[in-house]
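Text of the file input-v5.csv, holding CSV, C-alpha atoms:
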```csv
chain,number,residue,atom,x,y,z
A,1,ALA,CA,2.2,-13.6,45.1
A,2,ALA,CA,1.9,-14.0,41.3
A,3,GLY,CA,-0.9,-15.2,39.1
A,4,ILE,CA,-1.2,-16.1,35.4
A,5,VAL,CA,-3.9,-15.9,32.8
A,6,ALA,CA,-2.6,-18.6,30.5
A,7,LEU,CA,-4.1,-18.6,27.0
A,8,ASP,CA,-3.7,-21.5,24.6
A,9,ASP,CA,-3.5,-21.1,20.8
A,10,ASP,CA,-7.3,-21.1,20.6
A,11,ARG,CA,-7.5,-18.3,23.2
A,12,ASN,CA,-8.9,-20.7,25.8
A,13,VAL,CA,-7.9,-19.9,29.4
A,14,ILE,CA,-6.1,-22.6,31.5
A,15,LEU,CA,-7.6,-22.8,35.0
A,16,VAL,CA,-6.7,-25.0,37.9
A,17,ARG,CA,-9.3,-26.8,40.1
A,18,GLN,CA,-8.3,-27.4,43.7
A,19,HIS,CA,-9.9,-27.9,47.1
A,20,ARG,CA,-9.6,-24.8,49.3
A,21,ILE,CA,-10.0,-25.5,52.9
A,22,ALA,CA,-10.9,-21.9,53.8
A,23,VAL,CA,-14.1,-22.0,51.7
A,24,GLY,CA,-14.6,-25.8,52.1
A,25,ARG,CA,-15.0,-26.6,48.4
A,26,LEU,CA,-13.3,-27.0,45.0
A,27,THR,CA,-12.5,-23.7,43.3
A,28,LEU,CA,-11.5,-22.8,39.8
A,29,GLU,CA,-8.6,-20.3,39.7
A,30,ILE,CA,-5.9,-19.0,37.5
A,31,PRO,CA,-2.5,-20.7,38.3
A,32,ALA,CA,-0.9,-18.7,41.2
A,33,GLY,CA,1.4,-19.0,44.1
A,34,LYS,CA,3.5,-17.2,46.7
A,35,LEU,CA,6.8,-15.7,46.2
A,36,ASP,CA,9.8,-17.7,47.5
A,37,GLY,CA,10.9,-14.9,49.9
A,38,VAL,CA,10.7,-11.2,49.7
A,39,ASP,CA,13.5,-11.0,47.2
A,40,GLU,CA,12.0,-13.2,44.5
A,41,ASP,CA,11.1,-11.4,41.3
A,42,PRO,CA,7.3,-11.8,40.8
A,43,PHE,CA,7.8,-12.7,37.2
A,44,VAL,CA,10.1,-15.6,38.1
A,45,CYS,CA,7.4,-16.7,40.6
A,46,ALA,CA,4.8,-16.6,37.8
A,47,GLN,CA,6.9,-18.7,35.4
A,48,ARG,CA,7.5,-21.3,38.2
A,49,GLU,CA,3.9,-21.5,39.2
A,50,LEU,CA,2.6,-21.8,35.7
A,51,SER,CA,5.0,-24.7,35.1
A,52,GLU,CA,4.4,-26.4,38.5
A,53,GLU,CA,0.6,-26.2,38.6
A,54,THR,CA,-0.3,-26.7,34.9
A,55,GLY,CA,2.8,-28.3,33.2
A,56,TYR,CA,2.8,-25.4,30.7
A,57,ASP,CA,5.6,-23.0,29.9
A,58,ALA,CA,5.0,-19.8,27.9
A,59,GLU,CA,6.9,-18.1,25.1
A,60,HIS,CA,5.2,-14.7,25.5
A,61,TRP,CA,4.5,-12.9,28.8
A,62,GLU,CA,2.7,-9.6,29.6
A,63,ASN,CA,2.6,-7.9,32.9
A,64,LEU,CA,-1.0,-7.0,33.6
A,65,ILE,CA,-1.5,-5.4,37.0
A,66,SER,CA,-0.7,-5.7,40.6
A,67,ILE,CA,-3.6,-5.8,43.1
A,68,ALA,CA,-4.0,-5.6,46.9
A,69,THR,CA,-6.1,-8.8,47.5
A,70,THR,CA,-7.7,-7.8,50.8
A,71,PRO,CA,-6.3,-4.5,52.1
A,72,GLY,CA,-8.8,-4.4,55.0
A,73,PHE,CA,-6.8,-7.1,56.9
A,74,SER,CA,-3.8,-8.2,54.7
A,75,ASP,CA,-0.8,-6.6,53.1
A,76,GLU,CA,-0.8,-9.2,50.3
A,77,ILE,CA,0.0,-7.9,46.8
A,78,ILE,CA,-0.5,-10.3,43.8
A,79,HIS,CA,1.2,-9.5,40.5
A,80,LEU,CA,-0.9,-10.7,37.5
A,81,TYR,CA,0.5,-11.7,34.2
A,82,LYS,CA,-0.8,-13.0,30.8
A,83,ALA,CA,1.0,-15.9,29.2
A,84,CYS,CA,0.7,-17.0,25.6
A,85,GLY,CA,2.6,-19.4,23.2
A,86,LEU,CA,2.1,-22.3,25.6
A,87,GLN,CA,4.0,-25.5,25.5
A,88,LYS,CA,2.8,-28.5,27.5
A,89,PHE,CA,5.2,-30.5,29.6
A,90,ALA,CA,4.6,-32.5,32.8
A,91,GLN,CA,2.8,-31.0,35.7
A,92,HIS,CA,4.9,-31.0,38.9
A,93,THR,CA,2.9,-29.9,41.8
A,94,ASP,CA,4.0,-29.7,45.4
A,95,GLU,CA,3.5,-32.9,47.5
A,96,ASP,CA,0.4,-31.5,49.2
A,97,GLU,CA,-1.2,-30.1,46.0
A,98,PHE,CA,-3.8,-32.0,44.0
A,99,ILE,CA,-4.7,-29.8,41.1
A,100,GLY,CA,-6.8,-30.5,38.0
A,101,VAL,CA,-6.1,-28.5,34.9
A,102,GLN,CA,-8.8,-27.5,32.3
A,103,ALA,CA,-9.2,-25.0,29.5
A,104,PHE,CA,-12.2,-22.8,29.1
A,105,THR,CA,-13.5,-20.5,26.3
A,106,PRO,CA,-14.2,-16.9,27.1
A,107,GLU,CA,-17.9,-17.6,26.6
A,108,GLU,CA,-17.8,-20.4,29.2
A,109,LEU,CA,-15.9,-18.1,31.6
A,110,ARG,CA,-18.5,-15.4,31.2
A,111,ARG,CA,-21.3,-17.9,32.0
A,112,MET,CA,-19.4,-19.2,35.0
A,113,VAL,CA,-19.0,-15.7,36.4
A,114,ALA,CA,-22.7,-15.0,35.9
A,115,ASP,CA,-23.7,-18.3,37.5
A,116,GLY,CA,-21.4,-17.7,40.5
A,117,GLU,CA,-19.3,-20.7,39.7
A,118,LEU,CA,-16.2,-18.6,39.1
A,119,TYR,CA,-15.7,-16.2,42.0
A,120,ASP,CA,-12.1,-16.1,43.1
A,121,ALA,CA,-11.1,-12.5,43.3
A,122,LYS,CA,-7.6,-12.7,41.8
A,123,THR,CA,-9.0,-14.8,38.9
A,124,LEU,CA,-11.7,-12.3,38.1
A,125,CYS,CA,-9.4,-9.3,38.3
A,126,ALA,CA,-6.8,-11.1,36.0
A,127,LEU,CA,-9.4,-12.2,33.5
A,128,TYR,CA,-10.8,-8.6,33.2
A,129,ALA,CA,-7.3,-7.1,33.1
A,130,ALA,CA,-6.4,-9.5,30.3
A,131,LYS,CA,-9.6,-8.6,28.5
A,132,VAL,CA,-10.7,-12.2,28.3
A,133,ILE,CA,-14.1,-11.6,29.8
```
Rewritten as structure tokens:
Amino acid sequence: AAGIVALDDDRNVILVRQHRIAVGRLTLEIPAGKLDGVDEDPFVCAQRELSEETGYDAEHWENLISIATTPGFSDEIIHLYKACGLQKFAQHTDEDEFIGVQAFTPEELRRMVADGELYDAKTLCALYAAKVI
């Protein structure tokens, strides 16, 4: 998989809000998605997912880290990137995706982490790796 810390020109972070059946609630997360097959380049996946889920494209990209999400029971690796120089286009989600897009300041993110509102593991790792929080 690939995930993206997308920063607008004011250094606000773009997050997506979507319902996650596994936890039974709406979550706030960085844009992310699965690779289209084992041969897809994670960077290509990151570019696609940012565009699909948020409607943004980015001029500048930085490879942050790759993490094993839950090595106790899964072999999933997610490749995390930072994207800047955003340009807004039209969001084009998959048919079964209903995603809200919102920008947050680093201060808001820190408060949300402290309050337990922001708790998605890939999102927390990516925000720390990007030195946003």
### Task
For Ala46 in chain A, list every protein, DNA or RNA residue within 8 Å, evaluated using only C-alpha atoms, and leave out those in the same chain fewer than 4 positions away; present the list as a ChimeraX atom specification.
/A:2-4,32-33,42,50,81
### Message
So, with all atoms listed in the file as the atoms that count, which of A:Tyr128, A:Phe73, A:Phe89, A:Tyr56 lies closest to Leu7 in chain A?
### Response
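Closest to Leu7 in chain A, using all atoms listed in the file: A:Tyr56.
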### Task
Give me the residues within 12 Å of Arg20 in chain A as a list of chain:residue names, counting only C-alpha atoms and dropping any in the same chain fewer than 3 places off.
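Non-adjacent residues within range: A:Val16, A:Arg17, A:Val23, A:Gly24, A:Arg25, A:Leu26, A:Thr27, A:Leu28, A:Glu29, A:Glu97, A:Phe98, A:Ile99, A:Asp120.
Residue neighbourhood of Cys84 in chain A, excluding near-sequence residues (fewer than 3 positions): A:Ala6, A:Leu7, A:Asp8, A:Ala58, A:Glu59, A:His60, A:Trp61, at 7 Å, using only C-alpha atoms.
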As lines of an AutoDock Vina configuration file: centre and edge lengths in Å, one decimal, of the axis-aligned box holding range 67-74 of chain A with 5 Å per side:
```
center_x = -6.2
center_y = -6.6
center_z = 50.0
size_x = 15.2
size_y = 14.4
size_z = 23.8
```
### Task
Grab the CA of Leu35 in chain A to CA of Glu49 in chain A distance for me, in Å with one decimal place.
9.5 Å
Just want the 7 Å neighbourhood of range 122-126 of chain A, counted on all atoms listed in the file, with same-chain residues fewer than 6 positions away dropped. Output as a tab-separated table (two decimals) with C-alpha atoms, keeping the file's coordinate frame.
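Output contents, as saved in result.tsv:
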```tsv
chain	number	residue	atom	x	y	z
A	5	VAL	CA	-3.90	-15.90	32.80
A	29	GLU	CA	-8.60	-20.30	39.70
A	30	ILE	CA	-5.90	-19.00	37.50
A	80	LEU	CA	-0.90	-10.70	37.50
```
### Message
Between A:Ala68, A:Val38, A:Ile14, A:Ala22, which residue has the minimum interatomic distance to Ala121 in chain A, considering all atoms listed in the file?
### Response
A:Ala68
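Pairwise distance (CA of Tyr119 in chain A, CA of Phe104 in chain A) equals 14.9 Å.
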### Task
Could you please determine the separation between CA of Leu118 in chain A and CA of Lys34 in chain A in Å, to one decimal place?
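Taking CA of Leu118 in chain A and CA of Lys34 in chain A, their separation equals 21.2 Å.
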### Task
May I ask which of the residues A:Gln102, A:Glu108, A:Ile21, A:Arg11 is the closest one to Thr54 in chain A, counting all atoms listed in the file?
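The answer is A:Gln102, which sits nearest to Thr54 in chain A.
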### Query
What lies within 7 Å of range 75-77 of chain A using all atoms listed in the file, ignoring chain neighbours under 4 positions off, as a ChimeraX atom specification?
/A:1,66-69,71
### Message
Could you check the closest approach to Asn12 in chain A for each of A:Asp57, A:Asp115, A:Glu107, A:Glu40 and tell me which residue wins, using all atoms listed in the file?
### Response
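Among A:Asp57, A:Asp115, A:Glu107, A:Glu40, it is A:Glu107 that comes nearest to Asn12 in chain A.
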### Message
Could you check the closest approach to Ala114 in chain A for each of A:Ile133, A:Gly85, A:Gln47, A:Glu53 and tell me which residue wins, using all atoms listed in the file?
### Response
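Checking each of A:Ile133, A:Gly85, A:Gln47, A:Glu53 against Ala114 in chain A, counting all atoms listed in the file, the winner is A:Ile133.
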